[in-house]
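A.B. asks: Take a look at the following structure, please.
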Amino acid sequence: METALRIRQLNKHFASGRHALRNIDLDVRRGEMVALIGASGSGKSTLLRHVAGLVAADGESDSLIEIDGKRVQQRGRIDRDIRRVRAQIGFVFQQFNLVARLPVLVNVLVGSLHRMPWWRSWTRAFTREERTQALEALARVGIADCQAQRASTLSGGQQQRAAIARTLVQGAKVVLADEPIASLDPESSRKVMEILARINREDRCTVIVSLHQVDIAMKYCPRVVALKQGEIVYDGPSSALTAPLLRELYGVQADELLAPPSGEAQAQVHVLPQPALVPLAAAA
Ligand SMILES: Nc1ncnc2c1ncn2[C@@H]1O[C@H](COP(=O)(O)OP(=O)(O)OP(=O)(O)O)[C@@H](O)[C@H]1O
């Protein structure tokens, strides 16, 4: 088994005293597409930020996070070589994180900066080959015709697709998408999720995507990891995650996860067979 992500004993207390992540152990195999679900405040973003090496775990813990066998952080210390590890990780955040005033093509080309000598990255002297590659990535996500526009003029869905194109140019092995569809309409959400599923299938890119809605997770991700108050309460096939099981796991909070952004896929949750409660250990 090629492990794309390994997390051991991850704990995080914020300065406020909030215990945001509790004893997280998680392995994701290369080429998996995994949904991270949970009610608001359950720790999804905090977990992804730890995986990205943007936040350090509790110092006194025996924690470890590795991507593709390379250490992101251990015992609360971000690895010195984190830039090299991050070059393997593509980020797609809710807030798009594109440079608004720059053209879409340049935003996508930023994905290739880690392969360049510093002087070229400073002058943004991209080669013809790099530009062609960026255009191909934009074509794959269906927005090649927007390449010359400023990023700020794109719709939310288009900006998210540009962020995905940037991860393609980067050659990311693992894509971390933190609520990438949270602020999008149903049609844009569908497009973004389909593109993520396609790069997972076609490029064997490991995708870990945090989502609010279970119906979307079930539609696109074979595996679901569910968090509740910083703890993994379910890790298993999305097909086994039924509405009654969610209610059992989350109580009243389940309604937040079952509420559809549109009517689109919600019916799937209800037509599934009665739940076989999957114990955590067996599901992992
Ligand atoms: N920098 C911080 N300082 C203090 N507490 C924080 C910080 N970041 C997150 N938290 C707390 O940690 C908990 C988990 O937050 P997190 O943003 O990871 O949840 P989430 O599942 O991503 O929520 P949402 O779906 O609303 O984005 C919350 O209680 C939040 O208030």
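Residue numbers start at 1 in each chain; chains themselves are named A, B, ... in the order of the structure tokens; ligands are numbered from 1 in the order shown.
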Assign secondary structure with DSSP using the backbone only, and return the residues of segment 69-270 of chain A in alpha helix (DSSP H) as an MDAnalysis selection string.

C.D. replies: chainID A and resid 82:86 104:109 118:123 128:140 156:170 186:203 214:220 243:250 254:258 266:270

A.B. asks: Please identify every polymer residue within 6 Å of ligand 1, using only C-alpha atoms and all ligand atoms, and present the set as a compact mmCIF listing (two decimals) with C-alpha atoms, in the first residue's frame.

C.D. replies:
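Below is the file part_10.txt, written as the result:
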```
# COMPACT_ATOMS: atom_id res chain seq x y z
CA PHE A 14 -5.51 26.37 20.79
CA SER A 16 -7.99 29.64 24.03
CA ALA A 20 -9.72 21.19 18.46
CA GLY A 38 -18.49 17.25 10.18
CA ALA A 39 -20.63 20.01 11.56
CA SER A 40 -19.33 23.54 11.81
CA GLY A 41 -16.46 23.71 14.32
CA SER A 42 -15.76 19.95 14.24
CA GLY A 43 -12.14 20.52 13.19
CA LYS A 44 -12.07 19.90 9.41
CA SER A 45 -10.14 23.06 8.50
CA THR A 46 -7.83 22.69 11.49
```

A.B. asks: Could you give me, as CSV, a per-residue list for segment 161-271 of chain A showing, wherever an atom lies at most 9 Å from an atom of segment 138-154 of chain A, the closest pair of atoms and their distance in Å to one decimal, using only C-alpha atoms and sorting by chain then residue number from low to high?

C.D. replies:
```
residue,atom,partner,partner_atom,distance
A:Arg161,CA,A:Val141,CA,5.9
A:Ala162,CA,A:Leu138,CA,6.7
A:Ile164,CA,A:Val141,CA,7.6
A:Ala165,CA,A:Leu138,CA,5.6
A:Arg166,CA,A:Leu138,CA,8.5
A:Lys191,CA,A:Val141,CA,8.7
A:Val192,CA,A:Val141,CA,8.5
A:Ile195,CA,A:Val141,CA,6.5
```

A.B. asks: What does the distance from atom CA of Arg201 of chain A to atom CA of Asp235 of chain A come to in Å, to one decimal?

C.D. replies: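 Here the two named atoms are 21.2 Å from each other.
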
A.B. asks: Which residue, A:Val209, A:Val214, A:Val233, A:Ala87, has the smallest gap to Val169 of chain A when you use only C-alpha atoms?

C.D. replies: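 Among the listed residues, A:Ala87 lies closest to Val169 of chain A.
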
A.B. asks: Which is closer to Gln88 of chain A than all the others in A:Leu102, A:Leu258, A:Leu168, A:Ile181, using only C-alpha atoms?

C.D. replies: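 Ranked by minimum distance to Gln88 of chain A, first place goes to A:Leu168.
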
A.B. asks: Just want the 12 Å neighbourhood of Gln94 of chain A, counted on only C-alpha atoms, with same-chain residues fewer than 2 positions away dropped. Output as JSON, numbers by chain.

C.D. replies: {"A": [45, 91, 92, 96, 97, 98, 156, 157, 159, 160, 161, 163, 164, 176, 177, 178, 179, 180, 181, 182, 183, 184, 189, 192, 209, 210, 211, 212]}

A.B. asks: Give the answer as one residue: which of A:Glu136, A:Glu32, A:Glu202, A:Asp81 has the shortest atom-to-atom distance to Leu105 of chain A, using only C-alpha atoms?

C.D. replies: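 Counting only C-alpha atoms, the residue closest to Leu105 of chain A is A:Glu136.
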
A.B. asks: If we count only C-alpha atoms, what is near segment 68-78 of chain A at a cut-off of 7 Å, once residues fewer than 4 positions away on the same chain are taken out, given as a CSV table (one decimal) with C-alpha atoms, in the first residue's frame?

C.D. replies:
```csv
chain,number,residue,atom,x,y,z
A,3,THR,CA,0.5,5.8,1.8
A,4,ALA,CA,-0.2,9.3,0.6
A,5,LEU,CA,-1.0,10.7,4.1
A,51,VAL,CA,-1.6,18.5,7.1
A,53,GLY,CA,2.1,22.3,7.8
A,56,ALA,CA,1.8,23.0,14.5
A,57,ALA,CA,0.3,20.3,16.7
A,58,ASP,CA,0.6,20.3,20.5
A,59,GLY,CA,4.3,20.4,21.4
A,60,GLU,CA,4.1,17.8,24.1
A,61,SER,CA,2.3,15.2,22.0
A,62,ASP,CA,3.8,12.3,20.1
A,63,SER,CA,2.3,13.4,16.8
A,64,LEU,CA,3.4,12.7,13.3
A,82,ILE,CA,8.4,22.0,4.6
A,85,VAL,CA,6.9,18.8,1.0
```

A.B. asks: Among segment 20-92 of chain A, which ones does DSSP assign to strand (DSSP E or B) (computed from the backbone)? Answer as a PyMOL selection string.

C.D. replies: chain A and resi 20-29+33-37+64-67+70-74+77-78+89-92

A.B. asks: Out of A:Thr167, A:Gln229, A:Asn11, A:Ser238, which residue has the shortest atom-to-atom distance to Gly111 of chain A when counting only C-alpha atoms?

C.D. replies: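 Nearest to Gly111 of chain A: A:Thr167.
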